[in-house]
Amino acid sequence: MDTPLLEAARRYADTHVDAHGVAATPFPGLVILRETAPTPLPYAISRPLVALVLQGSKRVAMGTSIFDFGAGESLLITTDVPTVSQITRASLGRPYYSFVIELDLAIIENLVVEMGSAPFSAGDPVRVDPTEAEVSDAALRIMRLLDRPSSLPVLKDQSIRELHFWLLSGRHGGAIRALGVTDSHAQRI
């Protein structure tokens with residue numbers, strides 16, 4: 001079933017995708033990934049990020065841990081870690097699409113201060129959970145801004161801040177919050 005976020009990401013990616021399956025955006029650290037076939041196993045050092053899978057599925061391995069996830073789920077990586085990843089389900093008729101944003105530590109630090117005390121836990125540096133409605137809604141608002149470039153100078157920063165707020169408020173919040181706590185283990189890494 002198609003969602004408004006998938007449709008917005010599809011429109012943008014299909015127009016802007018490069019030869020590597022990456023559609024860059026005017027938002028620093030935000031890309032839409034599009035693949036039309038399963039991929040080999042590339043190795044990478046992943047920065048702290050969140051990837052919302054909109055269609056298709058992916059496998060990410062970190063050491064002996066393997067994470068299989070698909071549409072409606074989000075991958076959270078909270079530290080710079082070596083990973084091996086592979087798109088496992090994608091085709092010309094149903095490409096893999098994901099909304100990927102690097103976490104902004106300055107925004108997280110400010111929000112942690114403003115939001116006040118709440119539990120945090122560094123835990124595993126890689127995790128997968130269902131994508132929450134508030135996070136999807138914030139991502140959709142960001143995608144809609146791309147259709148109105150004149151709105152970007154006014155709304156770009158606050159829309160990214162809103163997305164970080166909902167990530168901090170949700171099930172990924174404890175792990176992300178650890179990135180914004182001065183002298184936490186996650187920050188030292």
# chains A, B, ... in the order shown; residues from 1 in each chain; ligands from 1

$ select_by_dssp --residues "region 54-114 of chain A" --states "helix (DSSP H, G or I)" --output "PyMOL selection string"
chain A and resi 105-114

$ residues_around --residues "Gly70 (chain A)" --least-positions-apart "5" --cutoff "9 Å" --atoms "only C-alpha atoms" --output "list in words"
Leu52, Val53, Leu54, Gln55, Gly56, Ser57, Lys58, Arg59 and Arg89 of chain A

$ write_last_selection --atoms "N, CA, C and O atoms" --output "mmCIF file, in the first residue's frame"
data_model
loop_
_atom_site.group_PDB
_atom_site.id
_atom_site.type_symbol
_atom_site.label_atom_id
_atom_site.label_comp_id
_atom_site.auth_asym_id
_atom_site.auth_seq_id
_atom_site.Cartn_x
_atom_site.Cartn_y
_atom_site.Cartn_z
ATOM 1 N N LEU A 52 14.412 5.582 7.269
ATOM 2 C CA LEU A 52 13.028 5.129 7.233
ATOM 3 C C LEU A 52 12.834 4.377 5.921
ATOM 4 O O LEU A 52 12.945 4.976 4.838
ATOM 5 N N VAL A 53 12.596 3.079 5.998
ATOM 6 C CA VAL A 53 12.385 2.303 4.776
ATOM 7 C C VAL A 53 10.933 2.489 4.355
ATOM 8 O O VAL A 53 10.010 2.279 5.145
ATOM 9 N N LEU A 54 10.753 2.899 3.105
ATOM 10 C CA LEU A 54 9.428 3.206 2.587
ATOM 11 C C LEU A 54 8.890 2.113 1.672
ATOM 12 O O LEU A 54 7.682 1.933 1.551
ATOM 13 N N GLN A 55 9.804 1.397 1.005
ATOM 14 C CA GLN A 55 9.421 0.292 0.124
ATOM 15 C C GLN A 55 10.634 -0.614 -0.056
ATOM 16 O O GLN A 55 11.758 -0.135 -0.133
ATOM 17 N N GLY A 56 10.405 -1.912 -0.125
ATOM 18 C CA GLY A 56 11.489 -2.864 -0.279
ATOM 19 C C GLY A 56 12.033 -3.290 1.071
ATOM 20 O O GLY A 56 11.407 -3.054 2.112
ATOM 21 N N SER A 57 13.194 -3.931 1.059
ATOM 22 C CA SER A 57 13.797 -4.365 2.319
ATOM 23 C C SER A 57 15.314 -4.337 2.219
ATOM 24 O O SER A 57 15.883 -4.293 1.125
ATOM 25 N N LYS A 58 15.943 -4.387 3.386
ATOM 26 C CA LYS A 58 17.387 -4.236 3.486
ATOM 27 C C LYS A 58 17.912 -5.116 4.617
ATOM 28 O O LYS A 58 17.191 -5.427 5.561
ATOM 29 N N ARG A 59 19.174 -5.469 4.519
ATOM 30 C CA ARG A 59 19.878 -6.204 5.576
ATOM 31 C C ARG A 59 21.126 -5.404 5.922
ATOM 32 O O ARG A 59 21.872 -4.997 5.041
ATOM 33 N N ARG A 89 15.350 -6.595 -1.221
ATOM 34 C CA ARG A 89 14.128 -6.670 -2.034
ATOM 35 C C ARG A 89 13.930 -5.346 -2.756
ATOM 36 O O ARG A 89 13.680 -4.311 -2.142
#

$ residues_around --residues "Glu73 (chain A)" --least-positions-apart "4" --cutoff "12 Å" --atoms "only C-alpha atoms" --output "compact mmCIF listing (two decimals) with C-alpha atoms, in the first residue's frame"
# COMPACT_ATOMS: atom_id res chain seq x y z
CA VAL A 50 18.06 7.18 10.89
CA ALA A 51 16.78 5.43 7.76
CA LEU A 52 13.03 5.13 7.23
CA VAL A 53 12.38 2.30 4.78
CA LEU A 54 9.43 3.21 2.59
CA GLN A 55 9.42 0.29 0.12
CA GLY A 56 11.49 -2.86 -0.28
CA SER A 57 13.80 -4.37 2.32
CA LYS A 58 17.39 -4.24 3.49
CA PHE A 67 19.23 -6.73 11.03
CA ASP A 68 16.61 -7.47 8.37
CA PHE A 69 13.98 -4.78 7.95
CA TYR A 97 13.11 3.63 -1.31
CA SER A 98 14.33 4.98 1.99
CA PHE A 99 14.50 8.39 3.63
CA ARG A 127 18.70 -1.09 16.11
CA VAL A 128 15.53 -1.51 14.06
CA ASP A 129 12.01 -0.56 15.17
CA PRO A 130 8.68 0.26 13.54
CA THR A 131 8.57 3.85 12.25
CA GLU A 132 6.32 5.99 14.40
CA ALA A 133 3.52 8.08 12.87
CA VAL A 135 8.32 10.65 12.57
CA SER A 136 6.68 9.74 9.24
CA ARG A 171 11.04 4.60 20.81
CA HIS A 172 14.50 5.54 19.49

$ atom_distance --atom1 "CA of Ile77 (chain A)" --atom2 "CA of Arg47 (chain A)"
7.0 Å

$ atom_distance --atom1 "CA of Asp14 (chain A)" --atom2 "CA of Arg34 (chain A)"
7.9 Å

$ select_by_dssp --residues "region 64-143 of chain A" --states "strand (DSSP E)" --output "mmCIF file with N, CA and C atoms, in the first residue's frame"
data_model
loop_
_atom_site.group_PDB
_atom_site.id
_atom_site.type_symbol
_atom_site.label_atom_id
_atom_site.label_comp_id
_atom_site.auth_asym_id
_atom_site.auth_seq_id
_atom_site.Cartn_x
_atom_site.Cartn_y
_atom_site.Cartn_z
ATOM 1 N N SER A 65 25.931 -9.277 14.510
ATOM 2 C CA SER A 65 24.516 -8.902 14.539
ATOM 3 C C SER A 65 24.017 -8.616 13.137
ATOM 4 N N ILE A 66 22.867 -9.186 12.798
ATOM 5 C CA ILE A 66 22.259 -8.974 11.484
ATOM 6 C C ILE A 66 20.855 -8.426 11.693
ATOM 7 N N PHE A 67 20.526 -7.384 10.935
ATOM 8 C CA PHE A 67 19.226 -6.731 11.029
ATOM 9 C C PHE A 67 18.560 -6.789 9.663
ATOM 10 N N ASP A 68 17.424 -7.455 9.574
ATOM 11 C CA ASP A 68 16.609 -7.472 8.367
ATOM 12 C C ASP A 68 15.395 -6.600 8.635
ATOM 13 N N PHE A 69 15.103 -5.685 7.731
ATOM 14 C CA PHE A 69 13.979 -4.780 7.951
ATOM 15 C C PHE A 69 13.422 -4.313 6.623
ATOM 16 N N GLY A 70 12.196 -3.801 6.667
ATOM 17 C CA GLY A 70 11.543 -3.390 5.432
ATOM 18 C C GLY A 70 10.623 -2.207 5.637
ATOM 19 N N GLU A 73 9.576 0.264 8.759
ATOM 20 C CA GLU A 73 10.534 0.148 9.851
ATOM 21 C C GLU A 73 11.660 1.155 9.661
ATOM 22 N N SER A 74 12.315 1.474 10.772
ATOM 23 C CA SER A 74 13.420 2.435 10.760
ATOM 24 C C SER A 74 14.667 1.803 11.340
ATOM 25 N N LEU A 75 15.789 2.098 10.711
ATOM 26 C CA LEU A 75 17.102 1.700 11.201
ATOM 27 C C LEU A 75 17.703 2.897 11.911
ATOM 28 N N LEU A 76 18.213 2.687 13.119
ATOM 29 C CA LEU A 76 18.909 3.736 13.865
ATOM 30 C C LEU A 76 20.338 3.287 14.077
ATOM 31 N N ILE A 77 21.282 4.138 13.713
ATOM 32 C CA ILE A 77 22.697 3.917 14.003
ATOM 33 C C ILE A 77 23.152 5.110 14.831
ATOM 34 N N VAL A 81 30.074 3.309 13.145
ATOM 35 C CA VAL A 81 30.367 1.877 13.239
ATOM 36 C C VAL A 81 30.559 1.287 11.847
ATOM 37 N N PRO A 82 31.410 0.266 11.736
ATOM 38 C CA PRO A 82 31.547 -0.422 10.456
ATOM 39 C C PRO A 82 30.332 -1.318 10.231
ATOM 40 N N THR A 83 29.742 -1.213 9.065
ATOM 41 C CA THR A 83 28.580 -2.037 8.723
ATOM 42 C C THR A 83 28.728 -2.593 7.315
ATOM 43 N N VAL A 84 27.997 -3.655 7.074
ATOM 44 C CA VAL A 84 27.852 -4.219 5.741
ATOM 45 C C VAL A 84 26.353 -4.203 5.471
ATOM 46 N N SER A 85 25.948 -3.639 4.354
ATOM 47 C CA SER A 85 24.512 -3.560 4.088
ATOM 48 C C SER A 85 24.193 -4.021 2.675
ATOM 49 N N GLN A 86 22.959 -4.456 2.501
ATOM 50 C CA GLN A 86 22.516 -4.975 1.218
ATOM 51 C C GLN A 86 21.019 -4.728 1.078
ATOM 52 N N ILE A 87 20.626 -4.207 -0.075
ATOM 53 C CA ILE A 87 19.208 -4.136 -0.412
ATOM 54 C C ILE A 87 18.818 -5.554 -0.789
ATOM 55 N N THR A 88 17.811 -6.114 -0.111
ATOM 56 C CA THR A 88 17.438 -7.500 -0.364
ATOM 57 C C THR A 88 16.160 -7.647 -1.183
ATOM 58 N N ARG A 89 15.350 -6.595 -1.221
ATOM 59 C CA ARG A 89 14.128 -6.670 -2.034
ATOM 60 C C ARG A 89 13.930 -5.346 -2.756
ATOM 61 N N TYR A 96 13.361 -0.140 -4.180
ATOM 62 C CA TYR A 96 13.619 0.130 -2.766
ATOM 63 C C TYR A 96 13.715 1.644 -2.612
ATOM 64 N N TYR A 97 13.004 2.207 -1.644
ATOM 65 C CA TYR A 97 13.106 3.627 -1.309
ATOM 66 C C TYR A 97 13.296 3.760 0.193
ATOM 67 N N SER A 98 14.213 4.638 0.574
ATOM 68 C CA SER A 98 14.335 4.980 1.991
ATOM 69 C C SER A 98 14.713 6.445 2.144
ATOM 70 N N PHE A 99 14.257 7.011 3.222
ATOM 71 C CA PHE A 99 14.498 8.391 3.632
ATOM 72 C C PHE A 99 15.587 8.300 4.697
ATOM 73 N N VAL A 100 16.771 8.823 4.395
ATOM 74 C CA VAL A 100 17.922 8.664 5.295
ATOM 75 C C VAL A 100 18.413 10.041 5.728
ATOM 76 N N ILE A 101 18.508 10.227 7.044
ATOM 77 C CA ILE A 101 19.004 11.499 7.568
ATOM 78 C C ILE A 101 20.066 11.247 8.628
ATOM 79 N N GLU A 102 21.200 11.939 8.463
ATOM 80 C CA GLU A 102 22.237 11.907 9.486
ATOM 81 C C GLU A 102 21.742 12.700 10.688
ATOM 82 N N VAL A 126 23.272 -0.115 16.807
ATOM 83 C CA VAL A 126 22.389 -0.327 15.654
ATOM 84 C C VAL A 126 21.123 -1.000 16.162
ATOM 85 N N ARG A 127 19.978 -0.491 15.737
ATOM 86 C CA ARG A 127 18.696 -1.095 16.113
ATOM 87 C C ARG A 127 17.656 -0.821 15.043
ATOM 88 N N VAL A 128 16.633 -1.650 15.013
ATOM 89 C CA VAL A 128 15.526 -1.510 14.064
ATOM 90 C C VAL A 128 14.227 -1.548 14.850
ATOM 91 N N ASP A 129 13.324 -0.622 14.536
ATOM 92 C CA ASP A 129 12.009 -0.560 15.167
ATOM 93 C C ASP A 129 10.988 -0.089 14.140
ATOM 94 N N PRO A 130 9.702 -0.308 14.414
ATOM 95 C CA PRO A 130 8.679 0.259 13.538
ATOM 96 C C PRO A 130 8.787 1.789 13.523
#

$ decode --residues "region 53-80 of chain A" --atoms "N, CA, C and O atoms" --output "CSV table (one decimal), in the first residue's frame"
chain,number,residue,atom,x,y,z
A,53,VAL,N,12.6,3.1,6.0
A,53,VAL,CA,12.4,2.3,4.8
A,53,VAL,C,10.9,2.5,4.4
A,53,VAL,O,10.0,2.3,5.1
A,54,LEU,N,10.8,2.9,3.1
A,54,LEU,CA,9.4,3.2,2.6
A,54,LEU,C,8.9,2.1,1.7
A,54,LEU,O,7.7,1.9,1.6
A,55,GLN,N,9.8,1.4,1.0
A,55,GLN,CA,9.4,0.3,0.1
A,55,GLN,C,10.6,-0.6,-0.1
A,55,GLN,O,11.8,-0.1,-0.1
A,56,GLY,N,10.4,-1.9,-0.1
A,56,GLY,CA,11.5,-2.9,-0.3
A,56,GLY,C,12.0,-3.3,1.1
A,56,GLY,O,11.4,-3.1,2.1
A,57,SER,N,13.2,-3.9,1.1
A,57,SER,CA,13.8,-4.4,2.3
A,57,SER,C,15.3,-4.3,2.2
A,57,SER,O,15.9,-4.3,1.1
A,58,LYS,N,15.9,-4.4,3.4
A,58,LYS,CA,17.4,-4.2,3.5
A,58,LYS,C,17.9,-5.1,4.6
A,58,LYS,O,17.2,-5.4,5.6
A,59,ARG,N,19.2,-5.5,4.5
A,59,ARG,CA,19.9,-6.2,5.6
A,59,ARG,C,21.1,-5.4,5.9
A,59,ARG,O,21.9,-5.0,5.0
A,60,VAL,N,21.3,-5.2,7.2
A,60,VAL,CA,22.5,-4.5,7.7
A,60,VAL,C,23.2,-5.5,8.7
A,60,VAL,O,22.5,-6.0,9.6
A,61,ALA,N,24.5,-5.6,8.6
A,61,ALA,CA,25.3,-6.5,9.6
A,61,ALA,C,26.3,-5.6,10.2
A,61,ALA,O,27.0,-4.8,9.6
A,62,MET,N,26.4,-5.8,11.5
A,62,MET,CA,27.5,-5.1,12.3
A,62,MET,C,28.1,-6.2,13.2
A,62,MET,O,27.4,-6.7,14.1
A,63,GLY,N,29.3,-6.6,12.9
A,63,GLY,CA,29.9,-7.7,13.6
A,63,GLY,C,29.1,-9.0,13.3
A,63,GLY,O,28.8,-9.3,12.2
A,64,THR,N,28.6,-9.6,14.4
A,64,THR,CA,27.8,-10.8,14.3
A,64,THR,C,26.3,-10.5,14.3
A,64,THR,O,25.5,-11.5,14.2
A,65,SER,N,25.9,-9.3,14.5
A,65,SER,CA,24.5,-8.9,14.5
A,65,SER,C,24.0,-8.6,13.1
A,65,SER,O,24.7,-7.9,12.4
A,66,ILE,N,22.9,-9.2,12.8
A,66,ILE,CA,22.3,-9.0,11.5
A,66,ILE,C,20.9,-8.4,11.7
A,66,ILE,O,20.1,-8.9,12.5
A,67,PHE,N,20.5,-7.4,10.9
A,67,PHE,CA,19.2,-6.7,11.0
A,67,PHE,C,18.6,-6.8,9.7
A,67,PHE,O,19.1,-6.2,8.7
A,68,ASP,N,17.4,-7.5,9.6
A,68,ASP,CA,16.6,-7.5,8.4
A,68,ASP,C,15.4,-6.6,8.6
A,68,ASP,O,14.7,-6.8,9.7
A,69,PHE,N,15.1,-5.7,7.7
A,69,PHE,CA,14.0,-4.8,8.0
A,69,PHE,C,13.4,-4.3,6.6
A,69,PHE,O,14.1,-4.4,5.6
A,70,GLY,N,12.2,-3.8,6.7
A,70,GLY,CA,11.5,-3.4,5.4
A,70,GLY,C,10.6,-2.2,5.6
A,70,GLY,O,10.7,-1.5,6.6
A,71,ALA,N,9.7,-2.0,4.7
A,71,ALA,CA,8.8,-0.9,4.7
A,71,ALA,C,8.1,-0.8,6.0
A,71,ALA,O,7.6,-1.8,6.6
A,72,GLY,N,8.0,0.4,6.5
A,72,GLY,CA,7.4,0.7,7.8
A,72,GLY,C,8.3,0.6,9.0
A,72,GLY,O,7.9,0.8,10.1
A,73,GLU,N,9.6,0.3,8.8
A,73,GLU,CA,10.5,0.1,9.9
A,73,GLU,C,11.7,1.2,9.7
A,73,GLU,O,11.9,1.6,8.5
A,74,SER,N,12.3,1.5,10.8
A,74,SER,CA,13.4,2.4,10.8
A,74,SER,C,14.7,1.8,11.3
A,74,SER,O,14.6,1.1,12.3
A,75,LEU,N,15.8,2.1,10.7
A,75,LEU,CA,17.1,1.7,11.2
A,75,LEU,C,17.7,2.9,11.9
A,75,LEU,O,17.7,4.0,11.4
A,76,LEU,N,18.2,2.7,13.1
A,76,LEU,CA,18.9,3.7,13.9
A,76,LEU,C,20.3,3.3,14.1
A,76,LEU,O,20.6,2.2,14.5
A,77,ILE,N,21.3,4.1,13.7
A,77,ILE,CA,22.7,3.9,14.0
A,77,ILE,C,23.2,5.1,14.8
A,77,ILE,O,23.0,6.2,14.4
A,78,THR,N,23.7,4.8,16.1
A,78,THR,CA,24.0,5.9,17.0
A,78,THR,C,25.5,6.3,17.1
A,78,THR,O,25.8,7.2,17.8
A,79,THR,N,26.3,5.5,16.5
A,79,THR,CA,27.8,5.8,16.5
A,79,THR,C,28.4,5.5,15.2
A,79,THR,O,27.8,4.8,14.3
A,80,ASP,N,29.6,6.0,15.0
A,80,ASP,CA,30.3,5.6,13.7
A,80,ASP,C,30.7,4.2,13.9
A,80,ASP,O,31.6,3.9,14.7
